[in-house]
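Pasting final14.cif here (mmCIF, C-alpha atoms):
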data_protein
loop_
_atom_site.group_PDB
_atom_site.id
_atom_site.type_symbol
_atom_site.label_atom_id
_atom_site.label_comp_id
_atom_site.auth_asym_id
_atom_site.auth_seq_id
_atom_site.Cartn_x
_atom_site.Cartn_y
_atom_site.Cartn_z
ATOM 1 C CA MET A 17 9.935 -1.887 18.527
ATOM 2 C CA THR A 18 12.359 -3.078 15.876
ATOM 3 C CA ALA A 19 13.255 -0.976 12.908
ATOM 4 C CA THR A 20 11.991 -2.022 9.489
ATOM 5 C CA GLU A 21 14.588 -3.585 7.226
ATOM 6 C CA ARG A 22 14.588 -2.009 3.779
ATOM 7 C CA ILE A 23 16.576 -3.677 1.027
ATOM 8 C CA ALA A 24 17.697 -1.489 -1.871
ATOM 9 C CA PRO A 25 16.473 -2.685 -5.254
ATOM 10 C CA PRO A 26 19.090 -4.280 -7.525
ATOM 11 C CA LEU A 27 20.750 -2.170 -10.182
ATOM 12 C CA THR A 28 20.360 -4.876 -12.818
ATOM 13 C CA GLY A 29 17.979 -7.768 -13.311
ATOM 14 C CA GLY A 30 14.969 -9.002 -15.142
ATOM 15 C CA GLU A 31 11.744 -7.026 -15.369
ATOM 16 C CA ARG A 32 9.804 -9.068 -12.838
ATOM 17 C CA GLU A 33 12.667 -9.112 -10.333
ATOM 18 C CA MET A 34 13.034 -5.333 -10.628
ATOM 19 C CA LEU A 35 9.294 -4.695 -10.227
ATOM 20 C CA ARG A 36 9.164 -6.939 -7.140
ATOM 21 C CA ALA A 37 12.189 -5.269 -5.604
ATOM 22 C CA PHE A 38 11.001 -1.706 -6.187
ATOM 23 C CA LEU A 39 7.524 -2.501 -4.863
ATOM 24 C CA ASP A 40 8.977 -4.090 -1.727
ATOM 25 C CA PHE A 41 11.359 -1.135 -1.301
ATOM 26 C CA HIS A 42 8.406 1.255 -1.291
ATOM 27 C CA ARG A 43 6.396 -0.972 1.048
ATOM 28 C CA ALA A 44 9.321 -0.976 3.486
ATOM 29 C CA THR A 45 9.656 2.792 3.180
ATOM 30 C CA LEU A 46 6.085 3.293 4.376
ATOM 31 C CA ALA A 47 6.700 0.963 7.313
ATOM 32 C CA MET A 48 9.948 2.811 8.164
ATOM 33 C CA LYS A 49 8.081 6.107 8.302
ATOM 34 C CA CYS A 50 5.903 4.607 11.039
ATOM 35 C CA ASP A 51 8.703 2.995 13.079
ATOM 36 C CA GLY A 52 8.992 4.136 16.672
ATOM 37 C CA LEU A 53 5.753 6.119 16.803
ATOM 38 C CA THR A 54 2.861 5.611 19.195
ATOM 39 C CA ASP A 55 -0.686 4.972 18.025
ATOM 40 C CA GLU A 56 -1.532 8.553 18.927
ATOM 41 C CA GLU A 57 1.350 9.898 16.820
ATOM 42 C CA LEU A 58 0.405 7.640 13.915
ATOM 43 C CA ARG A 59 -3.133 9.089 14.035
ATOM 44 C CA LEU A 60 -2.005 12.733 13.936
ATOM 45 C CA GLN A 61 -3.697 14.432 11.000
ATOM 46 C CA SER A 62 -1.727 16.428 8.496
ATOM 47 C CA SER A 63 -3.901 19.476 8.276
ATOM 48 C CA PRO A 64 -7.445 19.189 9.594
ATOM 49 C CA PRO A 65 -10.070 18.908 8.244
ATOM 50 C CA SER A 66 -8.015 16.439 6.176
ATOM 51 C CA THR A 67 -7.983 13.036 7.858
ATOM 52 C CA LEU A 68 -4.614 12.111 6.302
ATOM 53 C CA SER A 69 -2.264 10.492 8.816
ATOM 54 C CA LEU A 70 0.471 7.866 8.736
ATOM 55 C CA LEU A 71 -1.939 5.264 10.077
ATOM 56 C CA GLY A 72 -4.480 6.366 7.481
ATOM 57 C CA LEU A 73 -1.877 5.811 4.758
ATOM 58 C CA VAL A 74 -1.236 2.271 6.018
ATOM 59 C CA ARG A 75 -4.974 1.556 5.994
ATOM 60 C CA HIS A 76 -5.356 3.100 2.540
ATOM 61 C CA MET A 77 -2.521 0.999 1.139
ATOM 62 C CA ALA A 78 -4.103 -2.151 2.593
ATOM 63 C CA GLU A 79 -7.207 -1.313 0.551
ATOM 64 C CA VAL A 80 -5.116 -0.580 -2.542
ATOM 65 C CA GLU A 81 -3.151 -3.861 -2.289
ATOM 66 C CA ARG A 82 -6.388 -5.801 -1.702
ATOM 67 C CA THR A 83 -8.169 -4.194 -4.627
ATOM 68 C CA TRP A 84 -5.479 -4.515 -7.254
ATOM 69 C CA PHE A 85 -4.076 -7.922 -6.428
ATOM 70 C CA ARG A 86 -6.981 -9.854 -4.919
ATOM 71 C CA ARG A 87 -10.043 -8.241 -6.490
ATOM 72 C CA VAL A 88 -8.621 -7.321 -9.917
ATOM 73 C CA ILE A 89 -5.861 -9.813 -10.750
ATOM 74 C CA ASN A 90 -7.023 -12.805 -8.704
ATOM 75 C CA LYS A 91 -10.731 -12.098 -9.299
ATOM 76 C CA GLU A 92 -11.591 -12.692 -5.617
ATOM 77 C CA ASP A 93 -14.975 -11.489 -4.417
ATOM 78 C CA VAL A 94 -13.681 -10.007 -1.163
ATOM 79 C CA PRO A 95 -15.107 -6.899 0.486
ATOM 80 C CA PHE A 96 -13.093 -3.798 1.182
ATOM 81 C CA VAL A 97 -11.552 -3.684 4.653
ATOM 82 C CA TRP A 98 -12.608 -0.164 5.739
ATOM 83 C CA SER A 99 -14.367 1.143 2.655
ATOM 84 C CA PRO A 100 -17.530 -0.910 2.154
ATOM 85 C CA GLU A 101 -18.839 1.542 -0.435
ATOM 86 C CA GLY A 102 -15.558 1.321 -2.391
ATOM 87 C CA ASP A 103 -14.352 4.812 -1.488
ATOM 88 C CA PHE A 104 -10.629 4.489 -0.789
ATOM 89 C CA GLN A 105 -10.688 7.813 1.062
ATOM 90 C CA THR A 106 -12.654 6.202 3.913
ATOM 91 C CA ALA A 107 -9.567 4.258 5.001
ATOM 92 C CA TYR A 108 -7.682 7.522 5.558
ATOM 93 C CA ASP A 109 -9.846 8.310 8.577
ATOM 94 C CA ALA A 110 -7.832 6.556 11.278
ATOM 95 C CA ARG A 111 -8.992 8.656 14.226
ATOM 96 C CA GLU A 112 -10.296 5.546 16.012
ATOM 97 C CA ALA A 113 -7.753 3.090 14.558
ATOM 98 C CA ASP A 114 -4.745 1.460 16.138
ATOM 99 C CA ARG A 115 -1.401 0.273 14.830
ATOM 100 C CA ALA A 116 -2.065 -3.425 15.478
ATOM 101 C CA GLU A 117 -5.259 -3.566 13.413
ATOM 102 C CA ALA A 118 -3.983 -1.396 10.574
ATOM 103 C CA PHE A 119 -0.621 -3.115 10.228
ATOM 104 C CA ALA A 120 -2.135 -6.601 10.530
ATOM 105 C CA ALA A 121 -4.500 -5.839 7.640
ATOM 106 C CA TRP A 122 -1.797 -4.182 5.536
ATOM 107 C CA GLU A 123 0.763 -6.940 6.124
ATOM 108 C CA ALA A 124 -1.828 -9.613 5.293
ATOM 109 C CA GLU A 125 -2.699 -7.868 2.033
ATOM 110 C CA VAL A 126 0.986 -7.498 1.118
ATOM 111 C CA GLU A 127 1.465 -11.244 1.655
ATOM 112 C CA HIS A 128 -1.594 -12.023 -0.500
ATOM 113 C CA ALA A 129 -0.219 -9.713 -3.187
ATOM 114 C CA ARG A 130 3.207 -11.362 -3.122
ATOM 115 C CA ARG A 131 1.631 -14.818 -3.393
ATOM 116 C CA ILE A 132 -0.626 -13.787 -6.276
ATOM 117 C CA GLU A 133 2.280 -12.221 -8.143
ATOM 118 C CA ARG A 134 4.564 -15.241 -7.570
ATOM 119 C CA GLU A 135 1.884 -17.660 -8.736
ATOM 120 C CA ALA A 136 1.001 -15.668 -11.857
ATOM 121 C CA GLU A 137 2.227 -17.245 -15.057
ATOM 122 C CA SER A 138 3.604 -13.958 -16.336
ATOM 123 C CA LEU A 139 3.322 -10.190 -16.066
ATOM 124 C CA ASP A 140 0.863 -10.396 -18.958
ATOM 125 C CA VAL A 141 -1.844 -12.023 -16.798
ATOM 126 C CA THR A 142 -4.864 -9.715 -16.811
ATOM 127 C CA GLY A 143 -7.772 -8.816 -14.617
ATOM 128 C CA TYR A 144 -10.652 -6.423 -15.018
ATOM 129 C CA MET A 145 -10.631 -3.032 -13.263
ATOM 130 C CA PRO A 146 -14.247 -1.830 -13.036
ATOM 131 C CA ARG A 147 -13.368 1.807 -12.300
ATOM 132 C CA TRP A 148 -11.330 1.965 -15.474
ATOM 133 C CA GLU A 149 -13.757 -0.290 -17.385
ATOM 134 C CA SER A 150 -10.773 -2.124 -18.799
ATOM 135 C CA ASP A 151 -8.580 -5.168 -18.508
ATOM 136 C CA VAL A 152 -5.196 -4.490 -16.927
ATOM 137 C CA SER A 153 -2.051 -6.584 -16.807
ATOM 138 C CA LEU A 154 -0.175 -7.673 -13.714
ATOM 139 C CA ARG A 155 2.692 -5.544 -15.062
ATOM 140 C CA LEU A 156 0.452 -2.459 -14.969
ATOM 141 C CA VAL A 157 -0.760 -3.361 -11.466
ATOM 142 C CA MET A 158 2.796 -3.611 -10.140
ATOM 143 C CA LEU A 159 3.775 -0.338 -11.800
ATOM 144 C CA HIS A 160 0.629 1.325 -10.466
ATOM 145 C CA LEU A 161 1.373 0.127 -6.918
ATOM 146 C CA ILE A 162 4.946 1.434 -7.159
ATOM 147 C CA HIS A 163 3.525 4.776 -8.276
ATOM 148 C CA GLU A 164 0.909 4.757 -5.493
ATOM 149 C CA TYR A 165 3.465 3.990 -2.784
ATOM 150 C CA ALA A 166 5.910 6.573 -4.130
ATOM 151 C CA ARG A 167 3.224 9.290 -4.004
ATOM 152 C CA HIS A 168 2.098 8.358 -0.526
ATOM 153 C CA ASN A 169 5.626 7.937 0.778
ATOM 154 C CA GLY A 170 6.108 11.591 -0.117
ATOM 155 C CA HIS A 171 3.113 12.370 2.079
ATOM 156 C CA ALA A 172 4.597 10.135 4.771
ATOM 157 C CA ASP A 173 7.846 12.145 4.651
ATOM 158 C CA PHE A 174 6.007 15.336 5.543
ATOM 159 C CA LEU A 175 3.781 13.653 8.123
ATOM 160 C CA ARG A 176 6.729 12.079 9.923
ATOM 161 C CA GLU A 177 8.736 15.296 9.917
ATOM 162 C CA SER A 178 5.787 17.183 11.399
ATOM 163 C CA ILE A 179 5.483 14.630 14.231
ATOM 164 C CA ASP A 180 9.050 14.415 15.484
ATOM 165 C CA GLY A 181 11.354 16.118 13.006
ATOM 166 C CA GLU A 182 12.606 12.802 11.581
ATOM 167 C CA VAL A 183 13.640 13.141 7.934
ATOM 168 C CA GLY A 184 15.217 10.883 5.366
ATOM 169 C CA ALA A 185 14.543 7.337 4.197
#
Exercise: express the given structure as structure tokens:
Amino acid sequence: MTATERIAPPLTGGEREMLRAFLDFHRATLAMKCDGLTDEELRLQSSPPSTLSLLGLVRHMAEVERTWFRRVINKEDVPFVWSPEGDFQTAYDAREADRAEAFAAWEAEVEHARRIEREAESLDVTGYMPRWESDVSLRLVMLHLIHEYARHNGHADFLRESIDGEVGA
């Protein structure tokens, strides 16, 4: 298995370029945390009864990308991948999941998100977020995703260290 390439965000640049770069940096960080692990290791739960695992984080982030970019910004009427009732926690339960399915879904959603962002006229494009009962801008969505990945990459740090002692990244 090849190692994930992670490109450091630029130190200067325009707002959109910086948001793209930081979001991609965090996406790559999650993938790096999963590099070199078996399906069984990726399914290891943090602290049962919690179902949190690295594979669960990948599945969860597929749902998050899909919701914010496709459902909210692009106004697509697409179902959730693993959470038909809209409960993002459902995706965390990866006890029966495998790397191929989870990563295929996540990578597809990341590509949809990148396309939607590239095609958007500006960061001021808005969509409606039902849970918040409010319109949100693409700028907010990108910032929210950076925040979401940063939080979960902290979880991924601990999960990876508990599996094989690997730290860093």
Checklist entry - Quick one: which residues end up in the PyMOL selection byres ((chain A and resi 90) around 12) for this structure, as JSON, numbers by chain? => result {"A": [81, 82, 83, 84, 85, 86, 87, 88, 89, 91, 92, 93, 94, 128, 129, 130, 131, 132, 133, 134, 135, 136, 141, 142, 143, 144, 145, 152, 153, 154, 157]}
Item to check | Option closest in space to A:Leu156, from A:Leu39, A:Leu139, A:Ala110, A:Leu60 [counting all atoms listed in the file] | outcome: A:Leu139
Item to check | Resolved residues for the PyMOL selection byres ((chain A and resi 21) around 8) as a ChimeraX atom specification | outcome: /A:19-20,22-23,44,48
Could you list, as a compact mmCIF listing (two decimals) with C-alpha atoms, in the frame of the given file, every residue matched by the PyMOL selection byres ((chain A and resi 40) around 12) in this structure?
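Result went into result_0.txt, see below:
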# COMPACT_ATOMS: atom_id res chain seq x y z
CA THR A 20 11.99 -2.02 9.49
CA GLU A 21 14.59 -3.58 7.23
CA ARG A 22 14.59 -2.01 3.78
CA ILE A 23 16.58 -3.68 1.03
CA ALA A 24 17.70 -1.49 -1.87
CA PRO A 25 16.47 -2.68 -5.25
CA PRO A 26 19.09 -4.28 -7.52
CA GLU A 33 12.67 -9.11 -10.33
CA MET A 34 13.03 -5.33 -10.63
CA LEU A 35 9.29 -4.70 -10.23
CA ARG A 36 9.16 -6.94 -7.14
CA ALA A 37 12.19 -5.27 -5.60
CA PHE A 38 11.00 -1.71 -6.19
CA LEU A 39 7.52 -2.50 -4.86
CA PHE A 41 11.36 -1.14 -1.30
CA HIS A 42 8.41 1.25 -1.29
CA ARG A 43 6.40 -0.97 1.05
CA ALA A 44 9.32 -0.98 3.49
CA THR A 45 9.66 2.79 3.18
CA LEU A 46 6.08 3.29 4.38
CA ALA A 47 6.70 0.96 7.31
CA GLU A 123 0.76 -6.94 6.12
CA VAL A 126 0.99 -7.50 1.12
CA GLU A 127 1.46 -11.24 1.66
CA ALA A 129 -0.22 -9.71 -3.19
CA ARG A 130 3.21 -11.36 -3.12
CA MET A 158 2.80 -3.61 -10.14
CA LEU A 159 3.78 -0.34 -11.80
CA LEU A 161 1.37 0.13 -6.92
CA ILE A 162 4.95 1.43 -7.16
CA TYR A 165 3.46 3.99 -2.78
CA ALA A 166 5.91 6.57 -4.13
Checklist entry - Do you know which residues lie at most 7 Å from (0.8, -0.3, 6.7), with coordinates as in the file and all atoms listed in the file counted, and could you write them as a count of residues only? => result 11
Checklist entry - Expressed in Å to a single decimal, how great is the separation between atom CA of A:Arg115 and atom CA of A:Val183? => result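 Separating atom CA of A:Arg115 from atom CA of A:Val183 is a distance of 21.0 Å.
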Checklist entry - So, counting only C-alpha atoms, which residue among A:Leu27, A:His171, A:Cys50, A:Gly102 is closest to A:Leu71? => result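 The answer is A:Cys50, which sits nearest to A:Leu71.
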Item to check | Given all atoms listed in the file as the counted atoms, nearest of A:Phe96, A:Tyr108, A:Trp148, A:Phe174 to A:Arg59 | outcome: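 So, comparing all the options, the nearest one is A:Tyr108.
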Item to check | atom CA of A:Lys49 to atom CA of A:Asp114, distance in Å rounded to a single decimal | outcome: 15.7 Å
Checklist entry - Which is closer to A:Glu112 than all the others in A:Glu56, A:Glu31, A:Glu177, A:Glu149, using only C-alpha atoms? => result A:Glu56
Give the padded box for stretch 165-170 of chain A as AutoDock Vina command-line options: axis-aligned, covering all atoms listed in the file, 8 Å on each side, centre and edge lengths in Å to one decimal.
--center_x 4.1 --center_y 7.8 --center_z -1.7 --size_x 20.0 --size_y 23.6 --size_z 20.9
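The smallest atom-to-atom distance between A:Phe104 and any of A:His168, A:Arg32, A:His76, A:Arg155, using only C-alpha atoms, is found for A:His76.
For the residues A:Thr54, A:Ser99, A:Thr28, A:Ser66, ranking by smallest atom-to-atom distance to A:Asp180 using all atoms listed in the file places A:Thr54 first.
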Checklist entry - In Å to one decimal, how far is atom CA of A:Val80 from atom CA of A:Glu125? => result 8.9 Å
